[in-house]
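For reference, run.txt (compact mmCIF, C-alpha atoms):
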```
# COMPACT_ATOMS: atom_id res chain seq x y z
CA MET A 1 -47.48 19.70 36.20
CA ARG A 2 -47.03 20.49 32.48
CA LEU A 3 -44.35 23.06 33.30
CA PHE A 4 -42.49 20.54 35.44
CA PHE A 5 -42.56 17.97 32.61
CA LEU A 6 -41.27 20.50 30.07
CA ALA A 7 -38.45 21.59 32.39
CA GLY A 8 -37.38 17.97 32.96
CA PHE A 9 -37.48 17.22 29.24
CA SER A 10 -35.37 20.30 28.46
CA LEU A 11 -32.81 19.28 31.07
CA CYS A 12 -32.47 15.78 29.57
CA VAL A 13 -32.04 17.20 26.07
CA SER A 14 -29.34 19.58 27.36
CA LEU A 15 -27.45 16.79 29.10
CA LEU A 16 -27.68 14.65 25.98
CA ALA A 17 -26.34 17.48 23.84
CA VAL A 18 -23.41 17.98 26.22
CA ALA A 19 -22.67 14.25 26.21
CA GLN A 20 -22.74 14.13 22.40
CA GLN A 21 -20.64 17.24 21.93
CA THR A 22 -18.00 16.71 19.22
CA LYS A 23 -14.43 17.07 20.39
CA THR A 24 -11.28 17.34 18.29
CA ILE A 25 -7.72 16.04 18.60
CA LYS A 26 -5.11 17.31 16.15
CA GLY A 27 -1.36 17.33 15.74
CA THR A 28 1.61 16.75 13.43
CA ILE A 29 3.61 13.51 13.26
CA LEU A 30 7.33 13.76 12.48
CA ALA A 31 10.26 11.35 12.21
CA GLU A 32 12.50 11.69 15.26
CA GLN A 33 15.78 11.26 13.37
CA THR A 34 15.12 13.54 10.41
CA GLY A 35 12.31 15.81 11.61
CA LEU A 36 10.44 15.20 8.34
CA PRO A 37 6.66 14.68 8.31
CA LEU A 38 5.32 11.13 8.24
CA ALA A 39 2.37 10.39 6.00
CA SER A 40 -0.09 7.46 6.31
CA CYS A 41 0.29 7.13 10.08
CA GLN A 42 -2.65 5.42 11.77
CA ILE A 43 -4.21 7.31 14.68
CA THR A 44 -6.61 5.20 16.73
CA ILE A 45 -8.45 5.46 20.03
CA GLU A 46 -7.92 2.16 21.78
CA GLY A 47 -11.10 0.21 22.32
CA THR A 48 -13.17 2.29 19.87
CA ALA A 49 -13.77 2.54 16.13
CA TYR A 50 -12.42 6.11 15.92
CA THR A 51 -9.46 6.28 13.52
CA ALA A 52 -7.69 8.75 11.25
CA SER A 53 -4.59 9.00 9.04
CA SER A 54 -1.91 11.65 8.69
CA ASP A 55 -1.57 13.49 5.37
CA THR A 56 1.63 14.17 3.39
CA SER A 57 2.45 17.02 5.81
CA GLY A 58 2.14 14.70 8.80
CA ARG A 59 -0.98 16.50 10.08
CA PHE A 60 -4.07 14.73 11.36
CA GLN A 61 -7.39 15.63 12.92
CA LEU A 62 -9.64 13.22 14.77
CA ASN A 63 -13.23 14.19 15.68
CA ILE A 64 -14.89 12.13 18.37
CA GLU A 65 -17.90 12.10 20.67
CA HIS A 66 -16.27 11.07 23.90
CA LYS A 67 -16.25 12.45 27.39
CA ASP A 68 -13.99 10.28 29.54
CA GLY A 69 -10.22 9.79 29.31
CA PHE A 70 -8.74 7.33 26.80
CA ILE A 71 -5.50 6.20 25.12
CA LEU A 72 -4.50 7.55 21.69
CA LEU A 73 -2.42 5.07 19.67
CA ILE A 74 -0.16 6.36 16.86
CA SER A 75 1.50 3.75 14.65
CA ARG A 76 3.29 3.43 11.31
CA LEU A 77 5.14 0.66 9.51
CA ASP A 78 8.82 0.40 10.55
CA TYR A 79 8.29 2.82 13.48
CA ILE A 80 7.76 2.20 17.19
CA PRO A 81 4.10 2.86 18.12
CA LYS A 82 3.36 5.63 20.61
CA ARG A 83 0.52 5.63 23.18
CA LEU A 84 -0.69 8.94 24.60
CA PRO A 85 -3.22 9.35 27.45
CA ILE A 86 -5.88 11.96 26.60
CA ALA A 87 -8.34 13.73 28.92
CA PHE A 88 -10.53 16.56 27.62
CA GLU A 89 -11.98 17.83 30.90
CA THR A 90 -13.55 21.16 29.81
CA ASN A 91 -11.68 21.60 26.52
CA THR A 92 -13.33 20.71 23.21
CA THR A 93 -10.08 20.79 21.21
CA ILE A 94 -6.65 19.42 22.11
CA ALA A 95 -3.68 20.42 19.97
CA LEU A 96 -0.86 17.92 20.56
CA GLY A 97 1.65 19.86 18.47
CA ASN A 98 4.58 17.89 17.05
CA ILE A 99 4.63 14.17 17.83
CA PHE A 100 7.89 12.34 17.09
CA LEU A 101 8.03 8.65 16.15
CA LYS A 102 11.25 6.70 16.54
CA LYS A 103 12.51 4.32 13.86
CA ASP A 104 12.31 0.65 14.83
CA ILE A 105 15.94 -0.24 15.56
CA THR A 106 15.32 -3.94 15.01
CA LEU A 107 14.22 -3.36 11.41
CA GLU A 108 17.02 -0.83 10.97
CA LYS A 109 19.62 -3.44 11.86
CA THR A 110 17.96 -5.97 9.59
CA ASP A 111 18.11 -3.51 6.70
CA ASN A 112 21.79 -2.78 7.23
CA LEU A 113 22.73 -6.46 7.35
CA ILE A 114 21.35 -7.29 3.90
CA THR A 115 24.30 -7.81 1.56
CA LEU A 116 24.92 -9.30 -1.85
CA THR A 117 27.63 -11.94 -2.10
CA GLU A 118 29.97 -12.80 -4.95
CA ALA A 119 27.51 -15.41 -6.17
CA ASP A 120 24.86 -12.71 -6.65
CA LEU A 121 26.93 -11.39 -9.56
CA SER A 122 27.59 -14.75 -11.21
CA ASP A 123 27.12 -15.01 -14.94
CA ASP A 124 24.26 -16.92 -16.52
CA SER A 125 26.20 -20.17 -16.94
CA GLU A 126 27.18 -20.56 -13.27
CA THR A 127 25.01 -22.98 -11.30
CA ILE A 128 26.48 -21.89 -7.97
CA SER A 129 24.31 -18.76 -8.16
CA SER A 130 21.12 -20.82 -8.32
CA SER A 131 20.03 -20.17 -4.75
CA ILE A 132 22.71 -18.35 -2.77
CA GLY A 133 21.64 -14.90 -3.96
CA LEU A 134 18.01 -15.57 -3.12
CA LEU A 135 18.87 -16.89 0.34
CA GLN A 136 21.29 -14.13 1.27
CA ALA A 137 18.90 -11.37 0.22
CA THR A 138 15.93 -12.55 2.29
CA ARG A 139 15.14 -11.43 5.82
CA ASP A 140 14.36 -14.91 7.06
CA VAL A 141 16.80 -15.65 9.91
CA PHE A 142 17.37 -19.31 9.04
CA LEU A 143 17.86 -18.74 5.30
CA SER A 144 20.22 -15.81 5.79
CA ARG A 145 22.31 -17.76 8.29
CA ALA A 146 22.33 -20.88 6.15
CA ALA A 147 23.45 -18.91 3.09
CA PHE A 148 26.30 -17.32 5.06
CA ASP A 149 27.53 -20.55 6.70
CA PHE A 150 26.98 -23.03 3.87
CA GLY A 151 26.91 -20.86 0.75
CA GLN A 152 30.38 -21.96 -0.37
CA ALA A 153 29.31 -25.60 0.06
CA PHE A 154 26.61 -25.28 -2.63
CA PHE A 155 23.87 -25.27 0.01
CA ARG A 156 20.27 -25.48 -1.22
CA VAL A 157 17.15 -25.38 0.94
CA ARG A 158 15.62 -28.87 0.71
CA GLY A 159 17.51 -29.32 -2.54
CA TYR A 160 15.34 -26.79 -4.41
CA ASP A 161 16.76 -24.76 -7.27
CA ALA A 162 16.34 -20.97 -7.57
CA GLN A 163 13.78 -21.45 -10.35
CA ASN A 164 11.40 -22.75 -7.66
CA GLY A 165 11.13 -19.24 -6.18
CA ASN A 166 10.38 -15.87 -7.71
CA VAL A 167 12.16 -12.53 -7.32
CA LEU A 168 10.06 -9.48 -8.17
CA LEU A 169 10.89 -5.79 -8.66
CA ASN A 170 7.84 -3.66 -7.84
CA GLY A 171 5.66 -6.74 -8.36
CA ILE A 172 7.19 -7.66 -11.75
CA VAL A 173 8.75 -11.14 -11.94
CA MET A 174 12.46 -10.93 -12.83
CA ASN A 175 13.17 -14.66 -13.27
CA LYS A 176 14.68 -15.38 -16.69
CA PHE A 177 12.51 -17.04 -19.33
CA LEU A 178 15.24 -19.50 -20.39
CA ASN A 179 16.02 -21.15 -17.06
CA GLY A 180 13.56 -19.58 -14.60
CA ARG A 181 16.33 -18.33 -12.28
CA PRO A 182 16.68 -14.76 -11.02
CA GLN A 183 19.92 -13.09 -12.06
CA TRP A 184 20.96 -10.73 -9.27
CA ASN A 185 23.74 -9.29 -11.39
CA ASN A 186 21.04 -7.44 -13.37
CA TRP A 187 20.73 -5.03 -10.44
CA GLY A 188 23.98 -5.79 -8.60
CA GLY A 189 25.69 -3.04 -6.63
CA LEU A 190 22.47 -1.14 -5.86
CA ASN A 191 22.34 -2.19 -2.22
CA ASP A 192 20.86 1.11 -1.01
CA VAL A 193 17.72 0.90 -3.14
CA ILE A 194 16.93 -2.82 -2.86
CA ARG A 195 16.72 -2.96 0.93
CA ASN A 196 12.92 -2.74 1.08
CA GLN A 197 12.09 -6.42 0.62
CA GLU A 198 9.10 -8.59 1.47
CA PHE A 199 9.84 -12.30 1.67
CA THR A 200 7.16 -14.99 1.61
CA ASN A 201 8.45 -18.35 2.82
CA GLY A 202 7.38 -21.49 1.02
CA LEU A 203 3.77 -21.69 -0.14
CA ALA A 204 2.55 -18.95 2.19
CA ALA A 205 0.16 -16.41 0.66
CA SER A 206 1.81 -13.52 -1.15
CA ALA A 207 0.27 -10.19 -2.12
CA TYR A 208 2.27 -10.08 -5.37
CA THR A 209 2.35 -13.55 -6.90
CA PHE A 210 1.41 -17.18 -6.39
CA GLY A 211 3.43 -19.00 -3.76
CA GLY A 212 6.49 -20.99 -4.82
CA ILE A 213 8.01 -23.89 -2.91
CA LEU A 214 11.21 -21.86 -2.39
CA GLY A 215 9.29 -18.70 -1.49
CA ASN A 216 9.01 -15.30 -3.14
CA THR A 217 10.87 -12.04 -2.64
CA ASN A 218 9.40 -8.71 -3.74
CA ILE A 219 11.81 -5.76 -3.83
CA ASN A 220 10.02 -2.43 -3.43
CA LEU A 221 11.80 0.22 -5.51
CA ARG A 222 9.20 2.97 -5.05
CA PRO A 223 10.96 6.24 -4.10
CA SER A 224 8.15 7.18 -1.68
CA GLY A 225 9.06 4.20 0.51
CA MET A 226 12.78 4.98 0.75
CA ARG A 227 14.49 6.91 3.48
CA PRO A 228 14.89 10.55 2.34
CA GLY A 229 18.30 12.20 2.29
CA ILE A 230 21.81 11.57 1.00
CA ARG A 231 23.77 8.42 1.75
CA LEU A 232 27.47 8.06 0.89
CA SER A 233 29.49 4.93 1.56
CA SER A 234 32.80 3.35 0.65
CA SER A 235 34.42 0.03 1.48
CA VAL A 236 37.55 -2.00 0.84
CA SER A 237 37.77 -5.75 0.39
CA ASN A 238 40.34 -8.51 0.02
CA ARG A 239 38.00 -10.85 -1.86
CA THR A 240 36.21 -9.90 -5.09
CA TYR A 241 36.85 -6.18 -5.53
CA THR A 242 39.40 -3.85 -3.96
CA GLY A 243 37.17 -0.83 -3.38
CA ARG A 244 33.54 0.19 -3.65
CA PHE A 245 31.96 3.64 -3.71
CA MET A 246 28.22 4.24 -3.51
CA ALA A 247 26.04 7.37 -3.43
CA THR A 248 22.26 7.58 -3.10
CA TYR A 249 19.84 10.48 -2.84
CA SER A 250 16.12 10.15 -2.14
CA SER A 251 13.84 13.19 -2.06
CA GLY A 252 11.05 11.66 0.01
CA LEU A 253 7.38 12.29 -0.66
CA SER A 254 6.73 15.99 -1.30
CA ASN A 255 3.47 17.88 -0.78
CA ASN A 256 2.62 17.62 -4.49
CA GLY A 257 2.90 13.81 -4.37
CA ILE A 258 6.17 13.55 -6.33
CA SER A 259 9.22 11.63 -5.12
CA TYR A 260 12.42 10.48 -6.80
CA THR A 261 15.58 8.52 -6.03
CA LEU A 262 19.01 8.45 -7.69
CA SER A 263 21.74 5.94 -6.88
CA ALA A 264 25.14 5.03 -8.33
CA SER A 265 27.91 2.64 -7.32
CA ARG A 266 31.36 1.72 -8.59
CA ARG A 267 33.33 -1.43 -7.76
CA LEU A 268 36.82 -2.02 -9.08
CA ALA A 269 39.99 -4.05 -8.72
CA GLY A 270 42.91 -4.24 -11.13
CA GLN A 271 43.86 -7.46 -9.41
CA GLY A 272 41.75 -8.95 -6.62
CA HIS A 273 42.94 -11.00 -3.68
CA ILE A 274 43.13 -14.08 -5.93
CA GLN A 275 45.32 -14.13 -9.05
CA GLY A 276 43.68 -13.12 -12.32
CA THR A 277 40.51 -11.72 -10.78
CA LEU A 278 40.11 -8.25 -12.22
CA TYR A 279 36.93 -6.40 -11.34
CA ASP A 280 35.25 -3.52 -13.16
CA ALA A 281 31.58 -2.87 -12.38
CA TYR A 282 29.26 0.11 -12.18
CA SER A 283 25.53 0.45 -11.48
CA LEU A 284 23.05 3.29 -11.97
CA PHE A 285 19.48 3.63 -10.71
CA GLY A 286 16.77 6.24 -11.24
CA GLY A 287 13.22 6.16 -9.89
CA LEU A 288 10.38 8.69 -10.25
CA GLU A 289 6.95 8.31 -8.66
CA TYR A 290 3.79 10.36 -8.61
CA GLN A 291 1.33 9.45 -5.86
CA PHE A 292 -2.30 10.30 -6.55
CA ASN A 293 -3.34 9.23 -3.04
CA THR A 294 -2.31 6.71 -0.41
CA LYS A 295 -3.56 3.79 -2.55
CA HIS A 296 -2.72 4.81 -6.11
CA SER A 297 0.54 5.91 -7.71
CA ILE A 298 2.44 5.69 -10.97
CA GLY A 299 6.18 5.25 -11.26
CA LEU A 300 9.10 5.04 -13.68
CA THR A 301 12.19 2.97 -12.82
CA ALA A 302 15.44 2.65 -14.77
CA ILE A 303 18.38 0.35 -13.91
CA LEU A 304 21.76 -0.02 -15.57
CA ALA A 305 24.18 -2.58 -14.10
CA LYS A 306 27.29 -3.72 -15.93
CA ASN A 307 30.22 -5.75 -14.69
CA ARG A 308 33.40 -7.30 -16.12
CA ARG A 309 35.54 -9.54 -13.98
CA GLY A 310 37.79 -12.55 -13.84
CA ARG A 311 36.52 -15.67 -12.13
CA SER A 312 38.27 -17.91 -9.64
CA ALA A 313 37.85 -21.64 -9.02
CA ALA A 314 37.82 -23.83 -5.94
CA ILE A 315 41.08 -25.60 -5.08
CA THR A 316 41.86 -28.77 -3.18
CA GLU A 317 43.76 -28.94 0.09
CA GLU A 318 46.82 -30.31 -1.74
CA VAL A 319 46.94 -27.33 -4.08
CA PHE A 320 46.39 -24.99 -1.14
CA ASN A 321 49.40 -26.47 0.68
CA LEU A 322 51.57 -26.24 -2.44
CA VAL A 323 50.84 -22.76 -3.78
CA GLY A 324 48.64 -21.03 -1.17
CA SER A 325 45.16 -19.54 -1.11
CA GLN A 326 45.77 -17.01 -3.88
CA TYR A 327 46.27 -19.60 -6.61
CA ASN A 328 43.63 -19.59 -9.34
CA PRO A 329 43.37 -22.65 -11.66
CA TYR A 330 41.67 -20.44 -14.24
CA TRP A 331 44.78 -18.23 -14.36
CA GLY A 332 47.84 -20.33 -13.50
CA LYS A 333 50.92 -19.39 -11.51
```
Represent the structure from my file as structure tokens, please.
Amino acid sequence: MRLFFLAGFSLCVSLLAVAQQTKTIKGTILAEQTGLPLASCQITIEGTAYTASSDTSGRFQLNIEHKDGFILLISRLDYIPKRLPIAFETNTTIALGNIFLKKDITLEKTDNLITLTEADLSDDSETISSSIGLLQATRDVFLSRAAFDFGQAFFRVRGYDAQNGNVLLNGIVMNKFLNGRPQWNNWGGLNDVIRNQEFTNGLAASAYTFGGILGNTNINLRPSGMRPGIRLSSSVSNRTYTGRFMATYSSGLSNNGISYTLSASRRLAGQGHIQGTLYDAYSLFGGLEYQFNTKHSIGLTAILAKNRRGRSAAITEEVFNLVGSQYNPYWGK
């Protein structure tokens, strides 16, 4: 009887040990477009508390005590999540190899549609720049559309002035001390590096500052958050400037935790579409960041933006019929 009891006890212990056997899932997460590793990806087993993160090389390893099949969820900000069915069967380790995540096209289109209008470069004395720049630069659908359709009609959300909302660069408030308004011309022309924006509408809670009645916009200039690679662009215009050239290079986050970004742009026009509207502007940007870990980093950012241009004024319908759309009251005919 004692031998029978010992044999049964040993069998139960063996089954328990098999059931609690640790199993491992590992792999490498890469960006589908560039093939570069993606750090800080969240790897989770749906319905459980098992989770892991990818390192700077995109590698991850998840140790679990699980026997049945399950779904592995891989997600990262600005990327489409991927769900993978997993079944161990007799294996104790599953190597998934390279796993590619695709960029979220919706966010990609939103990024590309962010532009800075003529009012963004207005000088300090112009009141027309009080809110248009803030509206046009946000990702809110209503505010962006309203700024585009009604910007030339001095549109203001609920009549609020730009001093009722804050604009921050890396969490630092950039509103001027004298009038409280953000001056977008201080970093004008650097479209490539100011695309990473977080907008808080109205009095909603913000992670960077207290809520303002016109909302808050934080522009993330950290090189580790920018798309790595070289970007070259040029454009022509029949409004403010004649041509624009822009070049940007971002290294991405390296294995030693260092990343940097360089950007430069040039906008010029000897004579714009409207009489007497010369345009001569250039902008330079440099950013260097050292990341200790996923939660702590130190960075250095330098911006130089200078512009010289002739202004134009609004004209009445009578003047338009007499001398055309290119007439500028500030210049004469």
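With distances restricted to only C-alpha atoms, A:Asn216 is the closest residue to Asn164 of chain A from A:Thr209, A:Thr44, A:Asn216, A:Thr56.
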### Message
Using all atoms listed in the file, which protein or nucleic acid residues come within 12 Å of Ser206 of chain A? Drop anything in the same chain fewer than 2 positions from it, and give the result as an MDAnalysis selection string.
### Response
chainID A and resid 166 168 171 198:204 208:212 215:218
For the residues selected in the previous step, produce a file with C-alpha atoms as a PDB file, in the frame of the given file.
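result_22.pdb written:
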```pdb
ATOM      1  CA  ASN A 166      10.380 -15.870  -7.710  1.00  0.00           C
ATOM      2  CA  LEU A 168      10.060  -9.480  -8.170  1.00  0.00           C
ATOM      3  CA  GLY A 171       5.660  -6.740  -8.360  1.00  0.00           C
ATOM      4  CA  GLU A 198       9.100  -8.590   1.470  1.00  0.00           C
ATOM      5  CA  PHE A 199       9.840 -12.300   1.670  1.00  0.00           C
ATOM      6  CA  THR A 200       7.160 -14.990   1.610  1.00  0.00           C
ATOM      7  CA  ASN A 201       8.450 -18.350   2.820  1.00  0.00           C
ATOM      8  CA  GLY A 202       7.380 -21.490   1.020  1.00  0.00           C
ATOM      9  CA  LEU A 203       3.770 -21.690  -0.140  1.00  0.00           C
ATOM     10  CA  ALA A 204       2.550 -18.950   2.190  1.00  0.00           C
ATOM     11  CA  TYR A 208       2.270 -10.080  -5.370  1.00  0.00           C
ATOM     12  CA  THR A 209       2.350 -13.550  -6.900  1.00  0.00           C
ATOM     13  CA  PHE A 210       1.410 -17.180  -6.390  1.00  0.00           C
ATOM     14  CA  GLY A 211       3.430 -19.000  -3.760  1.00  0.00           C
ATOM     15  CA  GLY A 212       6.490 -20.990  -4.820  1.00  0.00           C
ATOM     16  CA  GLY A 215       9.290 -18.700  -1.490  1.00  0.00           C
ATOM     17  CA  ASN A 216       9.010 -15.300  -3.140  1.00  0.00           C
ATOM     18  CA  THR A 217      10.870 -12.040  -2.640  1.00  0.00           C
ATOM     19  CA  ASN A 218       9.400  -8.710  -3.740  1.00  0.00           C
TER      20      ASN A 218
END
```
### Query
Could you work out how far atom CA of Gln275 of chain A lies from atom CA of Val319 of chain A, giving the answer in Å with one decimal?
14.2 Å
### Message
Under the rule that all atoms listed in the file are counted, which of A:Arg311, A:Arg239, A:Arg244, A:Arg195 is the nearest residue to Leu221 of chain A?
### Response
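Between A:Arg311, A:Arg239, A:Arg244, A:Arg195, the residue approaching Leu221 of chain A most closely is A:Arg195.
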#### Entry: atom CA of Arg83 of chain A to atom CA of Ile45 of chain A, straight-line distance in Å
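Straight-line distance from atom CA of Ile45 of chain A to atom CA of Arg83 of chain A works out to 9.5 Å.
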### Task
List every protein, DNA or RNA residue with an atom no more than 6 Å from (-2.6, 10.4, 1.3) in the file's coordinates, counting only C-alpha atoms, and format the result as a PyMOL selection string.
chain A and resi 55+293-294
### Query
Suppose you want the space between atom CA of Lys102 of chain A and atom CA of Ala31 of chain A; what is it in Å?
6.4 Å
### Summary
Residue with the minimum atom-to-atom distance to Ser224 of chain A, picked from A:Ser251, A:Asn170, A:Asn175, A:Ser54 with all atoms listed in the file counted, is A:Ser251
### Message
Counting only C-alpha atoms, which residue out of A:Ile213, A:Ser254, A:Phe292, A:Thr240 sits closest to Asp280 of chain A?
### Response
A:Thr240
### Task
Would you list the contacts of Lys306 of chain A as a list in words, taking every protein, DNA or RNA residue within 9 Å and counting all atoms listed in the file, but skipping same-chain residues closer than 4 positions in sequence?
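So the residues in contact are Asn185, Asn186, Trp187, Gly188, Asp280, Ala281, Tyr282 and Ser283 of chain A.
Excluding Gly286 of chain A itself and any same-chain residue fewer than 6 positions from it, the protein and nucleic acid residues within 10 Å of it, counting only C-alpha atoms, are Val193, Leu221, Pro223, Thr248, Tyr249, Ser250, Tyr260, Thr261, Leu262, Ser263, Ala264, Leu300, Thr301, Ala302, Ile303 and Leu304 of chain A.
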#### Entry: Ser265 of chain A surroundings by only C-alpha atoms, 7 Å radius, close-in-sequence under 6 positions cut, as a ChimeraX atom specification
/A:189-190,245-247,282-284
Put those residues in a file: C-alpha atoms, as a PDB file, keeping the file's coordinate frame.
```pdb
ATOM      1  CA  GLY A 189      25.690  -3.040  -6.630  1.00  0.00           C
ATOM      2  CA  LEU A 190      22.470  -1.140  -5.860  1.00  0.00           C
ATOM      3  CA  PHE A 245      31.960   3.640  -3.710  1.00  0.00           C
ATOM      4  CA  MET A 246      28.220   4.240  -3.510  1.00  0.00           C
ATOM      5  CA  ALA A 247      26.040   7.370  -3.430  1.00  0.00           C
ATOM      6  CA  TYR A 282      29.260   0.110 -12.180  1.00  0.00           C
ATOM      7  CA  SER A 283      25.530   0.450 -11.480  1.00  0.00           C
ATOM      8  CA  LEU A 284      23.050   3.290 -11.970  1.00  0.00           C
TER       9      LEU A 284
END
```
#### Entry: Expected residue set, 7 Å radius at (44.9, -16.5, -10.9), only C-alpha atoms, as a PyMOL selection string
chain A and resi 274-277+312+327-333
### Task
Could you check which of A:Thr242, A:Arg222, A:Ile230, A:Arg267 is closest to Ser297 of chain A, using all atoms listed in the file?
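Closest to Ser297 of chain A, using all atoms listed in the file: A:Arg222.
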### Message
If we count only C-alpha atoms and set the cut-off at 9 Å, which residues sit around Ser57 of chain A, ignoring sequence neighbours fewer than 4 positions away in its own chain? Please answer as an MDAnalysis selection string.
### Response
chainID A and resid 28:30 36:39 254:255
